[in-house]
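Trainee: Handing you this structure, nothing more for now.
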Number of protein chains: 2
Amino acid sequence: MHRTHTCGQLNINHLNQNVTLSGWVQKSRDLGGTTFIDMRDRYGITQLVINSDDEEGLRTKARELGREFVIKVTGQVVERSNKNPKISTGDIEIRVFSLEILNQAKLPPFMIEDETDGGDELRMKYRYLDLRRNPVRNNLILRHKMAQEVRKYLDLQGFLEVETPVLIKSTPEGARDFVVPSRMNAGEFYALPQSPQTFKQLLMVSGFDRYFQIVKCFRDEDLRADRQPEFTQIDCEMAFIEQEDILNLFEGLTRHMFKSVKDLEFEDFPRMLYADAMRLYGSDKPDIRFEMQFVELKNSTLPENEAPLLWKGGAEAGFPVFDNAEMVVGINAKGCAHYTRKQLDELTDFVKRQQIGATGLIYMRHNDDGSLKSSVDKFFNENDLKAWSAAFDSQPGDLLLIMAGAKDKVRKQLNELRLEMGNRLGLRDKNKFAPLWVIDFPLLEWDEESERYHAMHHPFTSPKPEDIALLDTQPGEVRANAYDLVINGTEIGGGSIRIHDKTLQSLMFKHLGFSPEEAQKQFGFLLEAFEYGAPPHGGIAFGFDRLVSIFAGLDSIRDVIAFPKNNSGRDVMIDSPSTIDEKQMKELCIKTEV
Amino acid sequence: MHRTHTCGQLNINHLNQNVTLSGWVQKSRDLGGTTFIDMRDRYGITQLVINSDDEEGLRTKARELGREFVIKVTGQVVERSNKNPKISTGDIEIRVFSLEILNQAKLPPFMIEDETDGGDELRMKYRYLDLRRNPVRNNLILRHKMAQEVRKYLDLQGFLEVETPVLIKSTPEGARDFVVPSRMNAGEFYALPQSPQTFKQLLMVSGFDRYFQIVKCFRDEDLRADRQPEFTQIDCEMAFIEQEDILNLFEGLTRHMFKSVKDLEFEDFPRMLYADAMRLYGSDKPDIRFEMQFVELKNSTLPENEAPLLWKGGAEAGFPVFDNAEMVVGINAKGCAHYTRKQLDELTDFVKRQQIGATGLIYMRHNDDGSLKSSVDKFFNENDLKAWSAAFDSQPGDLLLIMAGAKDKVRKQLNELRLEMGNRLGLRDKNKFAPLWVIDFPLLEWDEESERYHAMHHPFTSPKPEDIALLDTQPGEVRANAYDLVINGTEIGGGSIRIHDKTLQSLMFKHLGFSPEEAQKQFGFLLEAFEYGAPPHGGIAFGFDRLVSIFAGLDSIRDVIAFPKNNSGRDVMIDSPSTIDEKQMKELCIKTEV
């Protein structure tokens, strides 16, 4: 037997018991002939002690131990003279009778400690050692717990977990597929699913009613820090429901997760129209842990706001940056009037970075003495500034940060600045959670490159019935029965009520630029299924990696994934992808052309 | 709102309530102006009634309904005059006030009934309709329930579910991999995992201690009726354990499944040595629902049995079929002495089929009057037959079926005949479950084609320490710490204690014909991991599809998989695999050569 207890289990109640433990040497120190060893396993650390009057063979073996050696000891639980209140086993130690080295260990390339000296690359190459560290292991324990709770909750709600296939069919719509050459069907390929979308809809046609799956999905996209080629979704679909049912049920799931995992309770999640989210935060996933809403000084896309209002009667020469802008919009950084020139320059540099691409930043200080002072004083008079102050409801001590430009661009830029100010002002506490439903997303979005409308969510999303008439005239204005769950400015989940009617689905394909033949070729089976009695249905999918990372207070999803890939899609630990045999390629009837 | 209740929910306690239901029209019949509609959803069937004195519009709409139309009705729960005790809602019916057709349906290509008229191919093409049938849906509900129970049990035992990657590295050892060309690493490929074997071992090196995962695995093999290119495993690994711990824990899991899902309890699972399984059943997965063990009349692979014993002093001319055979072995088909010539010919034809390939079958009747009569009477005398009868412990009424040939072949053939006799005699009841551990598998097996030993389980399986010395002299005799769980003659799971020592692992690779360079190239990361403190560990994997099919009493795994592929690896519903765009192939730097 390798152990009677774990290294996190023993305490004062076990005094005088003889026990056997197995684990790793965390560290070992020799104090005047007495050797103290910290022995670690998944459950904790237990101190072992070997005294100077112990048998010589045992003492010699103890001195041979290096960090990360795997050992098994038998001994007696004794009370420690020097207690450690920080660990659960801190009251006791093991007086060792026998010690067996189960395996030796080379010195690890970085320290197996909560704070390690290992760089990212080294930690990824030796991921199996990185996973020994408490913070990384705890993330995966959290992930396990969350997956269990998702299943528990949805099972209680009558959902059935149904496994959908991984080897499916490639469809050009959407992101790039990973493909798998078929040996038995030479020249043909499977694709790995970007989501089980069509299968879960077919399950609704089958009458499965309430489906879920925690499932791997795949997307062959160029990777950013927080994207992985394979990722995990909590994928759900329901029949005979309306949007309200889905929002309530999955708000319930999210509450259950917060309560069971973090013991946190929430009021009803607020809901925000997509249009308001864009107007007030410049983002469809606003971080509402803090206010700092946008205030528009000019919005020439609104008919009633075609003329610049808040500086009429201002500088006679006019201010071309504002005059020529489609939108002038800003935020009130409360209490930041004292910002130095250097700090303001930093903010300007921040918005001018290539990733953000603004041309400049205008500010107005509302000084403690009530005076108003802007960076564009030569263009605007006091009345103008007063009007701005009123619009932003600024108080003495506040700082207005204003940007101008084309509506979509300037909103994006100001969103970045708002988040940056949130960070600087400590308003984005990782232990605070602000969930939000964003609803009424547009059905379609214009794609510059292909010069056509694309489905914003996916081609199966249903338009709001009252907006269907706009499909021909103002397709960009048609709203969908589509919704996202946002937590702390991160999109956690999204879904929609689907089309369940063949005629409407065909109309949608037409508006997405599919010929009837293309629609038939790619989605013929779904269109056909809709002819055999498809119920009204809808669903949602949560990004599980992202949800876990938010719960763990992490910025990247990488540390909630046991074996992640790097930004080139490589697993540097196993050195994959790699070349394959000629023979394998011949069997698959493919050839590489590099 | 689409429904207040489901179609399986209402009973006499709901009398007079107004309810709304949604579902499918199972059938509809008109009896003298009164229309009865059976309305179906996932939960059951409820009878709707529309009377001849109901409003004309409602009556017309009711008459329009076809099978599988999707409808929503509101009405009152009333007591049925003609009760149906077979269904939970059989005491009531719904007096309909309003009826809405949510979606029409074309007539399905086969009947949506428990016993359908749809052939296999049609049912697969319209799988979403097949899934509406109770037996198919119930299989998937069973699967959901079993997955939930597996997770519940293992979670309680301290196991963590850790997701391992799907895009991994191809290794030539073992079965054929599915591969995925990498766009970002042109000319290179990922492979889909045949199992998460190396990752779970690395998790043990990481100290994760108790890992499990219900996980899709992939194997590009030529398919049989009960094989799928993608299949699901319950994959487990533990550290600091011995074989006994694993057998006990997973026997516990299996008991829990039987108890929670089928309310069945079991004694301790019997254990059988691999060598005994082969000797007594000619199979490493014996069906022990019935005895009918093998009796060897001759086994010239045993030193003490070189001479044929049981017909010495028999026919002077000798019987070449026995004399030249390595093994003569048979079974006692109890109570079958009355088999007719025709039945015996059938059995002979059965073993002579190409898939079995025997040259013939010898029988001996132990008649009711005690006389013995064989098909080879001219070669053997009464004493011989008496000796046989004694060896088989035959009683009046029994039939001995005897085959001769090379040991491995004849055992396989007789195994098939034994199972066939079990079927004929009704000894293989699907509602009876006989679990069995088969232990002490050989470490290596000789492969004729490559003319070298292969790992029987996989190259990470540890040999029994006492057999290591045989590796150089009699590699085929070395036993492994490897075990299978068998239920009703089907292998449900298998596993082993792994090698955790680099030196022993290198020795194994050598015996498997890997050069040090090949071993390094393919498994370098694992060998390196073993140098940083690998604990003793071992594990097991259960075939989840197979386990569910056994619980469901099915012969094939296909009906416990929502969207299975056919024997050519095709999904005939979505028509996959399929060709992909030239553009896609260019991006991936591959070309097909058909």
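Chain identifiers are assigned as A, B, and so on, following the order in which chains appear in the structure tokens; residues are numbered from 1 within each chain, and ligands are numbered from 1 in order of appearance.
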Residues near A:Asp398, anyone? I mean within 8 Å using only C-alpha atoms, not counting same-chain ones fewer than 3 positions away, as a list in words.
Mentor: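 Once the adjacent positions are removed, what remains is Asn332, Ala333, Lys334, Gly335, Cys336, Ala337, Arg365, His366, Asn367, Ser394 and Gln395 of chain A.
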Trainee: Do you have, as CSV, the list of residues of stretch 102-146 of chain B lying at most 9 Å from stretch 37-56 of chain B, each with its nearest atom pair and that distance in Å to one decimal, counting only C-alpha atoms and ordered by chain then number?
Mentor:
```
residue,atom,partner,partner_atom,distance
B:Arg132,CA,B:Arg42,CA,8.1
B:Asn134,CA,B:Arg42,CA,8.5
B:Arg137,CA,B:Arg42,CA,8.3
```
Trainee: I need the strand (DSSP E or B) residues of stretch 131-321 of chain B per DSSP on the backbone, written as a ChimeraX atom specification.
Mentor: /B:160-161,168,179-181,189-191,210-218,230-239,271-273,295-299
Trainee: Using the selection just defined, write its residues with N, CA, C and O atoms as a compact mmCIF listing (two decimals), in the first residue's frame.
Mentor:
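Generated file (part-v1.txt):
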```txt
# COMPACT_ATOMS: atom_id res chain seq x y z
N LEU B 160 -10.74 14.11 -10.43
CA LEU B 160 -10.94 15.39 -11.12
C LEU B 160 -11.09 15.11 -12.61
O LEU B 160 -10.26 14.39 -13.19
N GLU B 161 -12.12 15.70 -13.21
CA GLU B 161 -12.24 15.57 -14.66
C GLU B 161 -11.38 16.66 -15.30
O GLU B 161 -11.60 17.84 -15.07
N ILE B 168 -3.60 16.56 -31.17
CA ILE B 168 -2.35 16.11 -30.56
C ILE B 168 -1.37 15.68 -31.64
O ILE B 168 -1.43 16.18 -32.76
N VAL B 179 -5.71 12.46 -39.02
CA VAL B 179 -4.81 13.60 -38.93
C VAL B 179 -5.50 14.88 -39.42
O VAL B 179 -6.47 14.82 -40.17
N VAL B 180 -4.96 16.01 -38.98
CA VAL B 180 -5.54 17.32 -39.26
C VAL B 180 -4.42 18.23 -39.75
O VAL B 180 -3.52 18.55 -38.98
N PRO B 181 -4.45 18.63 -41.03
CA PRO B 181 -3.37 19.50 -41.49
C PRO B 181 -3.40 20.85 -40.77
O PRO B 181 -4.46 21.40 -40.51
N PHE B 189 1.02 18.23 -39.29
CA PHE B 189 -0.31 17.69 -38.98
C PHE B 189 -0.47 17.50 -37.47
O PHE B 189 0.47 17.15 -36.78
N TYR B 190 -1.69 17.74 -37.01
CA TYR B 190 -2.10 17.24 -35.71
C TYR B 190 -2.65 15.83 -35.93
O TYR B 190 -2.99 15.44 -37.05
N ALA B 191 -2.82 15.08 -34.85
CA ALA B 191 -3.58 13.84 -34.92
C ALA B 191 -4.69 13.92 -33.89
O ALA B 191 -4.58 14.64 -32.90
N ARG B 210 -5.84 11.52 -9.10
CA ARG B 210 -7.04 10.80 -9.52
C ARG B 210 -7.68 11.59 -10.64
O ARG B 210 -8.30 12.62 -10.40
N TYR B 211 -7.51 11.12 -11.84
CA TYR B 211 -8.01 11.81 -13.03
C TYR B 211 -9.08 10.98 -13.69
O TYR B 211 -8.98 9.75 -13.73
N PHE B 212 -10.10 11.63 -14.24
CA PHE B 212 -10.98 10.92 -15.17
C PHE B 212 -11.47 11.90 -16.23
O PHE B 212 -11.32 13.12 -16.12
N GLN B 213 -12.04 11.32 -17.27
CA GLN B 213 -12.61 12.12 -18.34
C GLN B 213 -13.56 11.21 -19.14
O GLN B 213 -13.22 10.07 -19.40
N ILE B 214 -14.73 11.73 -19.45
CA ILE B 214 -15.56 11.05 -20.44
C ILE B 214 -15.25 11.75 -21.75
O ILE B 214 -15.54 12.94 -21.90
N VAL B 215 -14.62 11.05 -22.66
CA VAL B 215 -13.90 11.74 -23.74
C VAL B 215 -14.03 11.01 -25.06
O VAL B 215 -14.03 9.78 -25.11
N LYS B 216 -14.18 11.81 -26.13
CA LYS B 216 -14.21 11.25 -27.48
C LYS B 216 -12.81 10.81 -27.89
O LYS B 216 -11.84 11.57 -27.70
N CYS B 217 -12.72 9.64 -28.49
CA CYS B 217 -11.47 9.17 -29.06
C CYS B 217 -11.73 8.74 -30.50
O CYS B 217 -12.88 8.60 -30.91
N PHE B 218 -10.64 8.57 -31.25
CA PHE B 218 -10.77 8.43 -32.70
C PHE B 218 -9.83 7.34 -33.19
O PHE B 218 -8.69 7.26 -32.75
N GLU B 230 -15.42 7.51 -34.35
CA GLU B 230 -15.29 8.26 -33.10
C GLU B 230 -16.11 7.55 -32.04
O GLU B 230 -17.23 7.11 -32.30
N PHE B 231 -15.54 7.42 -30.88
CA PHE B 231 -16.20 6.67 -29.81
C PHE B 231 -15.85 7.34 -28.49
O PHE B 231 -14.97 8.20 -28.43
N THR B 232 -16.55 6.95 -27.45
CA THR B 232 -16.40 7.66 -26.18
C THR B 232 -15.86 6.73 -25.11
O THR B 232 -16.33 5.59 -24.99
N GLN B 233 -14.88 7.22 -24.38
CA GLN B 233 -14.30 6.43 -23.30
C GLN B 233 -14.53 7.10 -21.95
O GLN B 233 -14.55 8.32 -21.85
N ILE B 234 -14.68 6.27 -20.93
CA ILE B 234 -14.51 6.75 -19.55
C ILE B 234 -13.05 6.46 -19.24
O ILE B 234 -12.67 5.30 -19.08
N ASP B 235 -12.25 7.50 -19.20
CA ASP B 235 -10.81 7.34 -19.13
C ASP B 235 -10.35 7.72 -17.72
O ASP B 235 -10.71 8.79 -17.23
N CYS B 236 -9.57 6.88 -17.09
CA CYS B 236 -9.20 7.12 -15.69
C CYS B 236 -7.73 6.80 -15.44
O CYS B 236 -7.16 5.94 -16.10
N GLU B 237 -7.15 7.48 -14.48
CA GLU B 237 -5.78 7.19 -14.07
C GLU B 237 -5.61 7.57 -12.60
O GLU B 237 -6.25 8.52 -12.13
N MET B 238 -4.80 6.81 -11.89
CA MET B 238 -4.56 7.06 -10.47
C MET B 238 -3.08 6.92 -10.16
O MET B 238 -2.39 6.12 -10.79
N ALA B 239 -2.61 7.67 -9.18
CA ALA B 239 -1.22 7.54 -8.75
C ALA B 239 -1.17 6.96 -7.34
O ALA B 239 -2.16 7.01 -6.62
N ARG B 271 -12.78 -13.19 -10.64
CA ARG B 271 -11.55 -12.86 -11.37
C ARG B 271 -11.01 -14.12 -12.01
O ARG B 271 -11.08 -15.19 -11.43
N MET B 272 -10.48 -13.98 -13.18
CA MET B 272 -9.98 -15.14 -13.92
C MET B 272 -8.65 -14.76 -14.56
O MET B 272 -8.50 -13.67 -15.11
N LEU B 273 -7.68 -15.67 -14.46
CA LEU B 273 -6.41 -15.44 -15.14
C LEU B 273 -6.63 -15.50 -16.65
O LEU B 273 -7.43 -16.32 -17.13
N VAL B 295 -13.24 -28.65 -22.55
CA VAL B 295 -12.50 -29.80 -22.02
C VAL B 295 -11.51 -30.22 -23.09
O VAL B 295 -11.89 -30.44 -24.25
N GLU B 296 -10.23 -30.30 -22.69
CA GLU B 296 -9.19 -30.67 -23.67
C GLU B 296 -8.98 -32.17 -23.66
O GLU B 296 -8.68 -32.76 -22.62
N LEU B 297 -9.15 -32.78 -24.81
CA LEU B 297 -8.84 -34.21 -24.94
C LEU B 297 -7.37 -34.39 -25.30
O LEU B 297 -6.79 -35.44 -25.08
N LYS B 298 -6.80 -33.35 -25.85
CA LYS B 298 -5.38 -33.41 -26.20
C LYS B 298 -4.85 -31.99 -26.24
O LYS B 298 -5.54 -31.08 -26.76
N ASN B 299 -3.66 -31.80 -25.69
CA ASN B 299 -3.03 -30.50 -25.77
C ASN B 299 -1.54 -30.72 -25.85
O ASN B 299 -0.85 -30.87 -24.84
```
Trainee: Write out, as CSV, each residue of chain A that has an atom at most 6 Å from chain B, together with the closest pair of atoms and their distance in Å to one decimal, counting only C-alpha atoms, rows going by chain and rising number.
Mentor:
```
residue,atom,partner,partner_atom,distance
A:His2,CA,B:Phe240,CA,5.4
A:Arg42,CA,B:Gly207,CA,5.9
A:Glu68,CA,B:Gly533,CA,5.7
A:Phe69,CA,B:Gly533,CA,5.4
A:Val70,CA,B:Gly533,CA,5.5
A:Asn103,CA,B:Gly533,CA,5.7
A:Gln104,CA,B:Gly533,CA,5.6
A:Ala105,CA,B:Tyr532,CA,4.2
A:Lys106,CA,B:Tyr532,CA,5.3
A:Tyr128,CA,B:Ser206,CA,5.0
A:Leu129,CA,B:Ser206,CA,5.8
A:Leu131,CA,B:Ser206,CA,5.5
A:Arg132,CA,B:Ser206,CA,5.0
A:His144,CA,B:Glu161,CA,5.5
A:Leu160,CA,B:His144,CA,6.0
A:Glu161,CA,B:His144,CA,5.5
A:Lys169,CA,B:Ser576,CA,5.2
A:Val179,CA,B:Val180,CA,5.9
A:Val180,CA,B:Val180,CA,5.0
A:Gly187,CA,B:Thr592,CA,5.6
A:Glu188,CA,B:Thr579,CA,4.6
A:Phe189,CA,B:Pro577,CA,4.9
A:Tyr190,CA,B:Pro577,CA,4.6
A:Leu202,CA,B:Tyr128,CA,5.9
A:Ser206,CA,B:Arg132,CA,5.0
A:Gly207,CA,B:Arg42,CA,5.9
A:Phe240,CA,B:His2,CA,5.4
A:Phe525,CA,B:Ile574,CA,6.0
A:Glu531,CA,B:Ala105,CA,5.4
A:Tyr532,CA,B:Ala105,CA,4.2
A:Gly533,CA,B:Ala105,CA,4.5
A:Ile574,CA,B:Phe525,CA,5.9
A:Ser576,CA,B:Lys169,CA,5.2
A:Pro577,CA,B:Tyr190,CA,4.6
A:Ser578,CA,B:Glu188,CA,4.7
A:Thr579,CA,B:Glu188,CA,4.6
A:Cys589,CA,B:Glu593,CA,5.0
A:Ile590,CA,B:Thr592,CA,4.3
A:Lys591,CA,B:Lys591,CA,5.2
A:Thr592,CA,B:Ile590,CA,4.3
A:Glu593,CA,B:Cys589,CA,5.0
A:Val594,CA,B:Gly187,CA,5.9
```
Trainee: If I take atom CA of A:Phe433 and atom CA of A:Gly330, how far is one from the other in Å, to one decimal?
Mentor: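 Atom CA of A:Gly330 lies at a distance of 25.2 Å from atom CA of A:Phe433.
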Trainee: As a ChimeraX atom specification, please: the residues near A:Glu445 (cut-off 10 Å, only C-alpha atoms, same-chain neighbours under 2 positions excluded).
Mentor: /A:442-443,447-448,452-457,475-478
Trainee: Generate the output file for the selected residues, all heavy atoms, as a JSON list (two decimals), in the first residue's frame.
Mentor:
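What landed in out-v8.json:
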```json
[["chain", "number", "residue", "atom", "x", "y", "z"],
["A", 442, "PRO", "N", -28.44, 43.27, -33.73],
["A", 442, "PRO", "CA", -28.83, 43.31, -35.14],
["A", 442, "PRO", "C", -28.74, 41.90, -35.74],
["A", 442, "PRO", "O", -27.95, 41.07, -35.29],
["A", 442, "PRO", "CB", -27.76, 44.20, -35.79],
["A", 442, "PRO", "CG", -27.08, 44.89, -34.67],
["A", 442, "PRO", "CD", -27.22, 44.01, -33.47],
["A", 443, "LEU", "N", -29.58, 41.64, -36.73],
["A", 443, "LEU", "CA", -29.56, 40.34, -37.40],
["A", 443, "LEU", "C", -28.35, 40.20, -38.31],
["A", 443, "LEU", "O", -27.70, 39.16, -38.38],
["A", 443, "LEU", "CB", -30.85, 40.18, -38.23],
["A", 443, "LEU", "CG", -31.06, 38.85, -38.93],
["A", 443, "LEU", "CD1", -31.31, 37.74, -37.92],
["A", 443, "LEU", "CD2", -32.21, 38.94, -39.93],
["A", 447, "ASP", "N", -20.27, 43.37, -44.28],
["A", 447, "ASP", "CA", -18.88, 42.97, -44.35],
["A", 447, "ASP", "C", -18.23, 43.70, -45.51],
["A", 447, "ASP", "O", -18.62, 43.52, -46.67],
["A", 447, "ASP", "CB", -18.77, 41.46, -44.52],
["A", 447, "ASP", "CG", -17.33, 40.98, -44.57],
["A", 447, "ASP", "OD1", -16.61, 41.18, -43.56],
["A", 447, "ASP", "OD2", -16.91, 40.45, -45.61],
["A", 448, "GLU", "N", -17.22, 44.55, -45.18],
["A", 448, "GLU", "CA", -16.58, 45.38, -46.21],
["A", 448, "GLU", "C", -15.92, 44.51, -47.27],
["A", 448, "GLU", "O", -16.04, 44.75, -48.47],
["A", 448, "GLU", "CB", -15.51, 46.28, -45.57],
["A", 448, "GLU", "CG", -16.03, 47.40, -44.70],
["A", 448, "GLU", "CD", -16.83, 48.46, -45.48],
["A", 448, "GLU", "OE1", -16.72, 48.51, -46.73],
["A", 448, "GLU", "OE2", -17.58, 49.21, -44.83],
["A", 452, "ARG", "N", -21.07, 42.21, -48.67],
["A", 452, "ARG", "CA", -22.43, 41.71, -48.47],
["A", 452, "ARG", "C", -22.70, 41.64, -46.97],
["A", 452, "ARG", "O", -21.79, 41.76, -46.15],
["A", 452, "ARG", "CB", -22.63, 40.34, -49.13],
["A", 452, "ARG", "CG", -21.83, 39.20, -48.52],
["A", 452, "ARG", "CD", -22.28, 37.85, -49.11],
["A", 452, "ARG", "NE", -21.52, 36.73, -48.64],
["A", 452, "ARG", "CZ", -21.82, 35.98, -47.58],
["A", 452, "ARG", "NH1", -22.85, 36.28, -46.82],
["A", 452, "ARG", "NH2", -21.06, 34.95, -47.23],
["A", 453, "TYR", "N", -23.97, 41.47, -46.65],
["A", 453, "TYR", "CA", -24.33, 41.29, -45.25],
["A", 453, "TYR", "C", -24.00, 39.87, -44.80],
["A", 453, "TYR", "O", -24.17, 38.91, -45.56],
["A", 453, "TYR", "CB", -25.82, 41.57, -45.03],
["A", 453, "TYR", "CG", -26.13, 43.04, -44.95],
["A", 453, "TYR", "CD1", -26.65, 43.73, -46.03],
["A", 453, "TYR", "CD2", -25.88, 43.74, -43.77],
["A", 453, "TYR", "CE1", -26.92, 45.09, -45.96],
["A", 453, "TYR", "CE2", -26.15, 45.09, -43.67],
["A", 453, "TYR", "CZ", -26.67, 45.76, -44.77],
["A", 453, "TYR", "OH", -26.92, 47.10, -44.69],
["A", 454, "HIS", "N", -23.50, 39.76, -43.59],
["A", 454, "HIS", "CA", -23.28, 38.47, -42.97],
["A", 454, "HIS", "C", -24.21, 38.37, -41.76],
["A", 454, "HIS", "O", -24.59, 39.37, -41.18],
["A", 454, "HIS", "CB", -21.83, 38.34, -42.48],
["A", 454, "HIS", "CG", -20.86, 38.04, -43.56],
["A", 454, "HIS", "ND1", -20.22, 36.84, -43.67],
["A", 454, "HIS", "CD2", -20.45, 38.78, -44.61],
["A", 454, "HIS", "CE1", -19.44, 36.85, -44.72],
["A", 454, "HIS", "NE2", -19.55, 38.02, -45.32],
["A", 455, "ALA", "N", -24.52, 37.14, -41.38],
["A", 455, "ALA", "CA", -25.28, 36.94, -40.15],
["A", 455, "ALA", "C", -24.39, 37.35, -38.98],
["A", 455, "ALA", "O", -23.24, 36.94, -38.90],
["A", 455, "ALA", "CB", -25.68, 35.48, -40.01],
["A", 456, "MET", "N", -24.91, 38.20, -38.09],
["A", 456, "MET", "CA", -24.09, 38.63, -36.96],
["A", 456, "MET", "C", -23.89, 37.45, -36.00],
["A", 456, "MET", "O", -22.80, 37.25, -35.48],
["A", 456, "MET", "CB", -24.78, 39.77, -36.24],
["A", 456, "MET", "CG", -23.87, 40.47, -35.25],
["A", 456, "MET", "SD", -24.47, 42.15, -35.02],
["A", 456, "MET", "CE", -23.15, 42.84, -34.02],
["A", 457, "HIS", "N", -24.94, 36.68, -35.78],
["A", 457, "HIS", "CA", -24.83, 35.53, -34.87],
["A", 457, "HIS", "C", -24.55, 34.28, -35.72],
["A", 457, "HIS", "O", -23.45, 33.80, -35.77],
["A", 457, "HIS", "CB", -26.13, 35.43, -34.07],
["A", 457, "HIS", "CG", -26.06, 34.49, -32.91],
["A", 457, "HIS", "ND1", -25.09, 34.56, -31.95],
["A", 457, "HIS", "CD2", -26.87, 33.46, -32.55],
["A", 457, "HIS", "CE1", -25.29, 33.60, -31.06],
["A", 457, "HIS", "NE2", -26.35, 32.92, -31.40],
["A", 475, "PRO", "N", -31.71, 46.32, -44.38],
["A", 475, "PRO", "CA", -31.33, 45.06, -43.72],
["A", 475, "PRO", "C", -30.49, 45.28, -42.46],
["A", 475, "PRO", "O", -30.60, 44.51, -41.50],
["A", 475, "PRO", "CB", -30.54, 44.30, -44.79],
["A", 475, "PRO", "CG", -30.43, 45.19, -45.96],
["A", 475, "PRO", "CD", -31.32, 46.36, -45.79],
["A", 476, "GLY", "N", -29.69, 46.34, -42.45],
["A", 476, "GLY", "CA", -28.85, 46.59, -41.29],
["A", 476, "GLY", "C", -29.64, 46.97, -40.04],
["A", 476, "GLY", "O", -29.10, 46.93, -38.93],
["A", 477, "GLU", "N", -30.91, 47.36, -40.23],
["A", 477, "GLU", "CA", -31.72, 47.79, -39.09],
["A", 477, "GLU", "C", -32.53, 46.66, -38.47],
["A", 477, "GLU", "O", -33.16, 46.85, -37.43],
["A", 477, "GLU", "CB", -32.69, 48.89, -39.54],
["A", 477, "GLU", "CG", -32.02, 50.16, -40.05],
["A", 477, "GLU", "CD", -31.17, 50.81, -38.97],
["A", 477, "GLU", "OE1", -31.68, 51.03, -37.86],
["A", 477, "GLU", "OE2", -29.97, 51.06, -39.23],
["A", 478, "VAL", "N", -32.56, 45.52, -39.14],
["A", 478, "VAL", "CA", -33.38, 44.41, -38.64],
["A", 478, "VAL", "C", -32.77, 43.87, -37.34],
["A", 478, "VAL", "O", -31.59, 43.55, -37.29],
["A", 478, "VAL", "CB", -33.47, 43.28, -39.68],
["A", 478, "VAL", "CG1", -34.27, 42.11, -39.13],
["A", 478, "VAL", "CG2", -34.08, 43.80, -40.96]]
```
